[in-house]
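A short write-up of the structure that comes next.
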Amino acid sequence: MRMTAGNLTFAFIVLGARLALATAAAPDVQLQMPNFDSLASNASDSVSITLDSGLLGIAAAFLDSSKPEDAAAKDLISGLKSIYVRNYTFDKDFTYPSADVDLLRKQLSAPVWQRLVGVRSGKKQANVDIYMSVNQNNVNGLVIIASEPREFTVVNIVGSIDLQKLRRLEGKFGIPKLQLEEKK
Amino acid sequence: MSNHLDDQLRNALRPVDPGEEFTQHVVQRLAHDKRRSRWSTPAGLQWLSAALAAAVVLGFLTAHAWQVRREQQGLEARKQLLEALRVTGEKLDLAYRVVNDEAHGTAGENSGA
């Protein structure tokens, strides 16, 4: 078959349309993390973890399936694309600059993100928000923002998250029994 | 007859000076052959073997260094993954406890009223 200029243009239009549809069908659920400089400079301890698909693959190769904790982690990360964790601990009560947190919250808007849990505890002075992104009945993104007087944490997990696997982590890594609805 | 044959033979086999040019050719040829046979001598083979062995050792060391680096990277990635899951679990636990506390507080207030 001979490819004419018209055919080629048509092929490019179809390819472009498919790419646009694919992009629209799978929204980007990776947060643009602020650099949190002000938090890092005041923190007594900070954890910054960035694991992309390549590093997750390498980590998976070094997990020992005979250990329950490793086996659970291996099972959980099988569908994940990346994990980002920022955690700052302070020696004394610290008022966070709201600008960085607001920058995060602005990205967590409907219809891509749904807030699953939003708790404000006056007694513990802890605020925890859990957001999920659901695409075609599959959870493909999770964000946790937790602020306590002496600790601030942001977790962003990108990829297919199996809630059943998350539930199976109960008792491992300190994950509690969650009252999550099972979709059948 | 016999004398004639003897004379002919003597004449044919008489010593003749080959000349300066011939001698130079022979000397040059000898020098060229010596150079060419340098690699085919046992000493040349030794050099070749040593170079080959050095290449094998270098290759082995490079592969070993790559393996060590990959193992370090893998162990570090594993450590970070477990730490990330620990922090995630900790924060899910915090959310769960706060929700529980609030629920118990509300229930207590309701039962007391």
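Identifiers in the structure tokens: chain A, B, ... in order shown; residue index from 1 per chain; ligand index from 1 in order shown.
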Per residue of chain B within 7 Å of chain A, which atom pair is closest and at what distance in Å (one decimal), using only C-alpha atoms, listed by chain and increasing number, as a Markdown table?
| residue | atom | partner | partner_atom | distance |
| --- | --- | --- | --- | --- |
| B:Gly74 | CA | A:Ala59 | CA | 5.3 |
| B:Leu75 | CA | A:Phe62 | CA | 6.4 |
| B:Ala77 | CA | A:Ala59 | CA | 4.8 |
| B:Arg78 | CA | A:Ala59 | CA | 4.4 |
| B:Gln80 | CA | A:Ile49 | CA | 6.5 |
| B:Ala84 | CA | A:Val85 | CA | 6.2 |
| B:Leu85 | CA | A:Phe173 | CA | 6.5 |
| B:Arg86 | CA | A:Phe173 | CA | 4.6 |
| B:Thr88 | CA | A:Val155 | CA | 6.7 |
| B:Gly89 | CA | A:Ile175 | CA | 4.2 |
| B:Glu90 | CA | A:Gly174 | CA | 5.7 |
| B:Lys91 | CA | A:Ala146 | CA | 6.7 |
| B:Leu92 | CA | A:Ile175 | CA | 6.4 |
| B:Asp93 | CA | A:Pro176 | CA | 5.4 |
| B:Ala95 | CA | A:Val128 | CA | 5.8 |
| B:Val98 | CA | A:Ser121 | CA | 6.2 |
| B:Val99 | CA | A:Val119 | CA | 6.7 |
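Neighbours of range 30-42 of chain A closer than or equal to 8 Å, with only C-alpha atoms counted and sequence neighbours fewer than 4 positions away skipped, come out as Ser46, Tyr88, Phe90, Tyr96, Pro97, Asp100, Leu103, Leu104, Gln107, Gly141, Asn156, Ile157 and Val158 of chain A.
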Selection from above, N, CA, C and O atoms, as a JSON list (two decimals), in the first residue's frame, can you write it?
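Everything below was put into again27.json:
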[["chain", "number", "residue", "atom", "x", "y", "z"],
["A", 46, "SER", "N", 13.90, 15.19, 58.97],
["A", 46, "SER", "CA", 13.06, 15.21, 57.76],
["A", 46, "SER", "C", 13.32, 13.98, 56.90],
["A", 46, "SER", "O", 14.43, 13.45, 56.84],
["A", 88, "TYR", "N", 8.23, 15.83, 58.02],
["A", 88, "TYR", "CA", 9.07, 16.76, 58.80],
["A", 88, "TYR", "C", 8.66, 16.68, 60.26],
["A", 88, "TYR", "O", 7.47, 16.77, 60.59],
["A", 90, "PHE", "N", 9.39, 18.21, 64.23],
["A", 90, "PHE", "CA", 9.92, 19.40, 64.89],
["A", 90, "PHE", "C", 10.10, 19.17, 66.38],
["A", 90, "PHE", "O", 9.37, 18.36, 66.98],
["A", 96, "TYR", "N", 2.91, 25.84, 60.60],
["A", 96, "TYR", "CA", 3.35, 25.67, 59.22],
["A", 96, "TYR", "C", 2.93, 26.87, 58.38],
["A", 96, "TYR", "O", 1.83, 27.37, 58.53],
["A", 97, "PRO", "N", 3.78, 27.26, 57.47],
["A", 97, "PRO", "CA", 3.34, 28.28, 56.51],
["A", 97, "PRO", "C", 2.24, 27.66, 55.63],
["A", 97, "PRO", "O", 2.43, 26.59, 55.06],
["A", 100, "ASP", "N", 2.48, 26.55, 51.35],
["A", 100, "ASP", "CA", 2.87, 25.26, 50.78],
["A", 100, "ASP", "C", 1.72, 24.25, 50.83],
["A", 100, "ASP", "O", 1.49, 23.50, 49.87],
["A", 103, "LEU", "N", -0.91, 25.09, 48.34],
["A", 103, "LEU", "CA", -0.47, 24.71, 46.99],
["A", 103, "LEU", "C", -0.80, 23.24, 46.71],
["A", 103, "LEU", "O", -1.17, 22.87, 45.59],
["A", 104, "LEU", "N", -0.69, 22.44, 47.76],
["A", 104, "LEU", "CA", -1.03, 21.02, 47.62],
["A", 104, "LEU", "C", -2.54, 20.84, 47.50],
["A", 104, "LEU", "O", -3.02, 20.12, 46.61],
["A", 107, "GLN", "N", -4.37, 21.34, 44.23],
["A", 107, "GLN", "CA", -4.25, 20.29, 43.21],
["A", 107, "GLN", "C", -5.24, 19.15, 43.44],
["A", 107, "GLN", "O", -5.46, 18.33, 42.56],
["A", 141, "GLY", "N", -4.79, 6.70, 42.50],
["A", 141, "GLY", "CA", -3.98, 7.70, 43.20],
["A", 141, "GLY", "C", -4.45, 7.87, 44.64],
["A", 141, "GLY", "O", -5.65, 7.75, 44.92],
["A", 156, "ASN", "N", 2.07, 10.73, 48.60],
["A", 156, "ASN", "CA", 1.40, 10.65, 47.30],
["A", 156, "ASN", "C", 1.78, 9.31, 46.65],
["A", 156, "ASN", "O", 2.95, 9.06, 46.37],
["A", 157, "ILE", "N", 0.77, 8.47, 46.47],
["A", 157, "ILE", "CA", 1.01, 7.17, 45.83],
["A", 157, "ILE", "C", 0.32, 7.20, 44.47],
["A", 157, "ILE", "O", -0.88, 7.49, 44.39],
["A", 158, "VAL", "N", 1.06, 6.93, 43.43],
["A", 158, "VAL", "CA", 0.53, 6.95, 42.06],
["A", 158, "VAL", "C", 0.53, 5.54, 41.49],
["A", 158, "VAL", "O", 1.52, 4.83, 41.59]]
- CA of Gln46 in chain B and CA of Val27 in chain B are how many Å apart?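 Computing the Euclidean distance for CA of Gln46 in chain B and CA of Val27 in chain B yields 28.3 Å.
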- Message: For Arg150 in chain A, find every residue with an atom within 9 Å (counting only C-alpha atoms), except residues of its own chain fewer than 4 positions away, and show them as a PyMOL selection string.
- Response: chain A and resi 43+88-95
- Have a look at CA of Leu80 in chain A and CA of Gly159 in chain A and let me know their distance in Å, one decimal.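 These two atoms are separated by 4.2 Å.
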- Message: Could you tell me how far CA of Ser160 in chain A sits from CA of Val139 in chain A, in Å to one decimal place?
- Response: 5.8 Å
Looking only at the backbone, which of the residues in range 41-179 of chain A does DSSP tag as strand (DSSP E), as a PDB file with N, CA and C atoms, in the first residue's frame?
ATOM      1  N   ASP A  45      14.047  16.692  62.104  1.00  0.00           N
ATOM      2  CA  ASP A  45      14.246  15.467  61.330  1.00  0.00           C
ATOM      3  C   ASP A  45      13.355  15.534  60.090  1.00  0.00           C
ATOM      4  N   SER A  46      13.901  15.188  58.971  1.00  0.00           N
ATOM      5  CA  SER A  46      13.064  15.215  57.760  1.00  0.00           C
ATOM      6  C   SER A  46      13.316  13.976  56.903  1.00  0.00           C
ATOM      7  N   VAL A  47      12.244  13.521  56.265  1.00  0.00           N
ATOM      8  CA  VAL A  47      12.329  12.352  55.387  1.00  0.00           C
ATOM      9  C   VAL A  47      11.776  12.766  54.030  1.00  0.00           C
ATOM     10  N   SER A  48      12.560  12.564  53.003  1.00  0.00           N
ATOM     11  CA  SER A  48      12.112  12.866  51.644  1.00  0.00           C
ATOM     12  C   SER A  48      12.354  11.635  50.782  1.00  0.00           C
ATOM     13  N   ILE A  49      11.271  10.993  50.403  1.00  0.00           N
ATOM     14  CA  ILE A  49      11.397   9.753  49.620  1.00  0.00           C
ATOM     15  C   ILE A  49      10.721   9.934  48.269  1.00  0.00           C
ATOM     16  N   THR A  50      11.460   9.657  47.223  1.00  0.00           N
ATOM     17  CA  THR A  50      10.916   9.680  45.866  1.00  0.00           C
ATOM     18  C   THR A  50      11.280   8.365  45.199  1.00  0.00           C
ATOM     19  N   LEU A  51      10.269   7.560  44.961  1.00  0.00           N
ATOM     20  CA  LEU A  51      10.500   6.259  44.317  1.00  0.00           C
ATOM     21  C   LEU A  51       9.709   6.226  43.010  1.00  0.00           C
ATOM     22  N   LEU A  80       1.969  -0.208  41.284  1.00  0.00           N
ATOM     23  CA  LEU A  80       2.280   1.212  41.533  1.00  0.00           C
ATOM     24  C   LEU A  80       3.288   1.779  40.535  1.00  0.00           C
ATOM     25  N   LYS A  81       3.134   3.089  40.296  1.00  0.00           N
ATOM     26  CA  LYS A  81       4.067   3.772  39.391  1.00  0.00           C
ATOM     27  C   LYS A  81       5.095   4.588  40.173  1.00  0.00           C
ATOM     28  N   SER A  82       4.642   5.194  41.254  1.00  0.00           N
ATOM     29  CA  SER A  82       5.593   5.992  42.049  1.00  0.00           C
ATOM     30  C   SER A  82       5.048   6.260  43.448  1.00  0.00           C
ATOM     31  N   ILE A  83       5.957   6.531  44.355  1.00  0.00           N
ATOM     32  CA  ILE A  83       5.593   6.872  45.737  1.00  0.00           C
ATOM     33  C   ILE A  83       6.422   8.090  46.145  1.00  0.00           C
ATOM     34  N   TYR A  84       5.761   9.092  46.721  1.00  0.00           N
ATOM     35  CA  TYR A  84       6.455  10.287  47.197  1.00  0.00           C
ATOM     36  C   TYR A  84       6.057  10.502  48.661  1.00  0.00           C
ATOM     37  N   VAL A  85       7.035  10.671  49.500  1.00  0.00           N
ATOM     38  CA  VAL A  85       6.773  10.916  50.923  1.00  0.00           C
ATOM     39  C   VAL A  85       7.616  12.095  51.385  1.00  0.00           C
ATOM     40  N   ARG A  86       6.979  13.036  52.030  1.00  0.00           N
ATOM     41  CA  ARG A  86       7.706  14.146  52.677  1.00  0.00           C
ATOM     42  C   ARG A  86       7.232  14.176  54.127  1.00  0.00           C
ATOM     43  N   ASN A  87       8.172  14.070  55.038  1.00  0.00           N
ATOM     44  CA  ASN A  87       7.820  14.019  56.457  1.00  0.00           C
ATOM     45  C   ASN A  87       8.785  14.898  57.240  1.00  0.00           C
ATOM     46  N   TYR A  88       8.230  15.827  58.024  1.00  0.00           N
ATOM     47  CA  TYR A  88       9.066  16.760  58.800  1.00  0.00           C
ATOM     48  C   TYR A  88       8.660  16.677  60.263  1.00  0.00           C
ATOM     49  N   THR A  89       9.637  16.512  61.132  1.00  0.00           N
ATOM     50  CA  THR A  89       9.398  16.438  62.568  1.00  0.00           C
ATOM     51  C   THR A  89      10.078  17.630  63.233  1.00  0.00           C
ATOM     52  N   TRP A 113      -9.979  14.202  42.140  1.00  0.00           N
ATOM     53  CA  TRP A 113      -9.736  13.759  43.519  1.00  0.00           C
ATOM     54  C   TRP A 113     -11.018  13.794  44.343  1.00  0.00           C
ATOM     55  N   GLN A 114     -11.181  12.814  45.183  1.00  0.00           N
ATOM     56  CA  GLN A 114     -12.303  12.770  46.123  1.00  0.00           C
ATOM     57  C   GLN A 114     -11.730  12.618  47.521  1.00  0.00           C
ATOM     58  N   ARG A 115     -12.275  13.432  48.430  1.00  0.00           N
ATOM     59  CA  ARG A 115     -11.765  13.316  49.804  1.00  0.00           C
ATOM     60  C   ARG A 115     -12.464  12.159  50.504  1.00  0.00           C
ATOM     61  N   LEU A 116     -11.679  11.175  50.879  1.00  0.00           N
ATOM     62  CA  LEU A 116     -12.222   9.978  51.523  1.00  0.00           C
ATOM     63  C   LEU A 116     -12.385  10.220  53.022  1.00  0.00           C
ATOM     64  N   VAL A 117     -11.385  10.840  53.613  1.00  0.00           N
ATOM     65  CA  VAL A 117     -11.394  11.106  55.057  1.00  0.00           C
ATOM     66  C   VAL A 117     -10.891  12.524  55.295  1.00  0.00           C
ATOM     67  N   GLY A 118     -11.579  13.242  56.160  1.00  0.00           N
ATOM     68  CA  GLY A 118     -11.097  14.557  56.583  1.00  0.00           C
ATOM     69  C   GLY A 118     -11.358  14.690  58.061  1.00  0.00           C
ATOM     70  N   VAL A 119     -10.349  14.502  58.865  1.00  0.00           N
ATOM     71  CA  VAL A 119     -10.568  14.531  60.322  1.00  0.00           C
ATOM     72  C   VAL A 119      -9.794  15.680  60.960  1.00  0.00           C
ATOM     73  N   ARG A 120     -10.458  16.336  61.903  1.00  0.00           N
ATOM     74  CA  ARG A 120      -9.848  17.434  62.661  1.00  0.00           C
ATOM     75  C   ARG A 120     -10.022  17.088  64.138  1.00  0.00           C
ATOM     76  N   SER A 121      -8.957  16.856  64.820  1.00  0.00           N
ATOM     77  CA  SER A 121      -9.061  16.503  66.227  1.00  0.00           C
ATOM     78  C   SER A 121      -8.610  17.659  67.097  1.00  0.00           C
ATOM     79  N   ALA A 126      -4.641  17.226  65.650  1.00  0.00           N
ATOM     80  CA  ALA A 126      -4.170  16.569  64.427  1.00  0.00           C
ATOM     81  C   ALA A 126      -5.214  16.712  63.327  1.00  0.00           C
ATOM     82  N   ASN A 127      -4.732  17.056  62.162  1.00  0.00           N
ATOM     83  CA  ASN A 127      -5.609  17.125  60.994  1.00  0.00           C
ATOM     84  C   ASN A 127      -5.108  16.118  59.961  1.00  0.00           C
ATOM     85  N   VAL A 128      -6.011  15.272  59.526  1.00  0.00           N
ATOM     86  CA  VAL A 128      -5.618  14.291  58.502  1.00  0.00           C
ATOM     87  C   VAL A 128      -6.643  14.311  57.377  1.00  0.00           C
ATOM     88  N   ASP A 129      -6.144  14.448  56.161  1.00  0.00           N
ATOM     89  CA  ASP A 129      -7.005  14.372  54.982  1.00  0.00           C
ATOM     90  C   ASP A 129      -6.498  13.240  54.095  1.00  0.00           C
ATOM     91  N   ILE A 130      -7.422  12.417  53.648  1.00  0.00           N
ATOM     92  CA  ILE A 130      -7.056  11.334  52.722  1.00  0.00           C
ATOM     93  C   ILE A 130      -7.878  11.527  51.442  1.00  0.00           C
ATOM     94  N   TYR A 131      -7.169  11.655  50.342  1.00  0.00           N
ATOM     95  CA  TYR A 131      -7.819  11.839  49.039  1.00  0.00           C
ATOM     96  C   TYR A 131      -7.534  10.636  48.157  1.00  0.00           C
ATOM     97  N   MET A 132      -8.515  10.346  47.308  1.00  0.00           N
ATOM     98  CA  MET A 132      -8.332   9.241  46.361  1.00  0.00           C
ATOM     99  C   MET A 132      -8.732   9.677  44.973  1.00  0.00           C
ATOM    100  N   SER A 133      -8.053   9.147  43.985  1.00  0.00           N
ATOM    101  CA  SER A 133      -8.444   9.375  42.600  1.00  0.00           C
ATOM    102  C   SER A 133      -8.933   8.041  42.052  1.00  0.00           C
ATOM    103  N   VAL A 134     -10.152   8.040  41.538  1.00  0.00           N
ATOM    104  CA  VAL A 134     -10.725   6.802  41.011  1.00  0.00           C
ATOM    105  C   VAL A 134     -10.945   6.964  39.514  1.00  0.00           C
ATOM    106  N   ASN A 135     -10.435   6.023  38.764  1.00  0.00           N
ATOM    107  CA  ASN A 135     -10.595   6.048  37.309  1.00  0.00           C
ATOM    108  C   ASN A 135     -11.111   4.683  36.853  1.00  0.00           C
ATOM    109  N   ASN A 138     -11.246   1.991  39.394  1.00  0.00           N
ATOM    110  CA  ASN A 138      -9.960   1.595  39.984  1.00  0.00           C
ATOM    111  C   ASN A 138      -9.332   2.790  40.682  1.00  0.00           C
ATOM    112  N   VAL A 139      -8.837   2.553  41.874  1.00  0.00           N
ATOM    113  CA  VAL A 139      -8.136   3.618  42.584  1.00  0.00           C
ATOM    114  C   VAL A 139      -6.762   3.750  41.949  1.00  0.00           C
ATOM    115  N   ASN A 140      -6.479   4.927  41.395  1.00  0.00           N
ATOM    116  CA  ASN A 140      -5.174   5.083  40.731  1.00  0.00           C
ATOM    117  C   ASN A 140      -4.326   6.185  41.368  1.00  0.00           C
ATOM    118  N   GLY A 141      -4.785   6.698  42.498  1.00  0.00           N
ATOM    119  CA  GLY A 141      -3.982   7.698  43.196  1.00  0.00           C
ATOM    120  C   GLY A 141      -4.450   7.875  44.638  1.00  0.00           C
ATOM    121  N   LEU A 142      -3.509   8.101  45.529  1.00  0.00           N
ATOM    122  CA  LEU A 142      -3.833   8.297  46.942  1.00  0.00           C
ATOM    123  C   LEU A 142      -2.950   9.407  47.501  1.00  0.00           C
ATOM    124  N   VAL A 143      -3.574  10.301  48.257  1.00  0.00           N
ATOM    125  CA  VAL A 143      -2.805  11.371  48.903  1.00  0.00           C
ATOM    126  C   VAL A 143      -3.207  11.453  50.361  1.00  0.00           C
ATOM    127  N   ILE A 144      -2.223  11.537  51.226  1.00  0.00           N
ATOM    128  CA  ILE A 144      -2.476  11.732  52.652  1.00  0.00           C
ATOM    129  C   ILE A 144      -1.752  13.004  53.073  1.00  0.00           C
ATOM    130  N   ILE A 145      -2.486  13.918  53.687  1.00  0.00           N
ATOM    131  CA  ILE A 145      -1.860  15.118  54.261  1.00  0.00           C
ATOM    132  C   ILE A 145      -2.163  15.093  55.749  1.00  0.00           C
ATOM    133  N   ALA A 146      -1.148  14.967  56.545  1.00  0.00           N
ATOM    134  CA  ALA A 146      -1.338  14.901  58.000  1.00  0.00           C
ATOM    135  C   ALA A 146      -0.522  15.996  58.665  1.00  0.00           C
ATOM    136  N   SER A 147      -1.204  16.841  59.426  1.00  0.00           N
ATOM    137  CA  SER A 147      -0.470  17.883  60.157  1.00  0.00           C
ATOM    138  C   SER A 147      -0.776  17.786  61.641  1.00  0.00           C
ATOM    139  N   GLU A 148       0.295  17.676  62.388  1.00  0.00           N
ATOM    140  CA  GLU A 148       0.216  17.640  63.853  1.00  0.00           C
ATOM    141  C   GLU A 148       1.102  18.767  64.360  1.00  0.00           C
ATOM    142  N   GLU A 151       4.652  17.603  63.696  1.00  0.00           N
ATOM    143  CA  GLU A 151       4.948  16.755  62.539  1.00  0.00           C
ATOM    144  C   GLU A 151       4.053  17.111  61.365  1.00  0.00           C
ATOM    145  N   PHE A 152       4.637  17.129  60.200  1.00  0.00           N
ATOM    146  CA  PHE A 152       3.865  17.379  58.985  1.00  0.00           C
ATOM    147  C   PHE A 152       4.251  16.318  57.947  1.00  0.00           C
ATOM    148  N   THR A 153       3.233  15.713  57.334  1.00  0.00           N
ATOM    149  CA  THR A 153       3.501  14.616  56.389  1.00  0.00           C
ATOM    150  C   THR A 153       2.630  14.727  55.140  1.00  0.00           C
ATOM    151  N   VAL A 154       3.241  14.489  54.006  1.00  0.00           N
ATOM    152  CA  VAL A 154       2.494  14.364  52.745  1.00  0.00           C
ATOM    153  C   VAL A 154       2.916  13.049  52.098  1.00  0.00           C
ATOM    154  N   VAL A 155       1.921  12.254  51.716  1.00  0.00           N
ATOM    155  CA  VAL A 155       2.187  11.004  51.002  1.00  0.00           C
ATOM    156  C   VAL A 155       1.409  11.041  49.689  1.00  0.00           C
ATOM    157  N   ASN A 156       2.069  10.732  48.601  1.00  0.00           N
ATOM    158  CA  ASN A 156       1.400  10.651  47.295  1.00  0.00           C
ATOM    159  C   ASN A 156       1.784   9.314  46.647  1.00  0.00           C
ATOM    160  N   ILE A 157       0.769   8.467  46.475  1.00  0.00           N
ATOM    161  CA  ILE A 157       1.011   7.175  45.830  1.00  0.00           C
ATOM    162  C   ILE A 157       0.318   7.201  44.469  1.00  0.00           C
ATOM    163  N   VAL A 158       1.062   6.926  43.430  1.00  0.00           N
ATOM    164  CA  VAL A 158       0.528   6.955  42.064  1.00  0.00           C
ATOM    165  C   VAL A 158       0.531   5.541  41.491  1.00  0.00           C
ATOM    166  N   GLY A 159      -0.607   5.172  40.897  1.00  0.00           N
ATOM    167  CA  GLY A 159      -0.694   3.836  40.294  1.00  0.00           C
ATOM    168  C   GLY A 159      -1.914   3.106  40.788  1.00  0.00           C
TER     169      GLY A 159
END
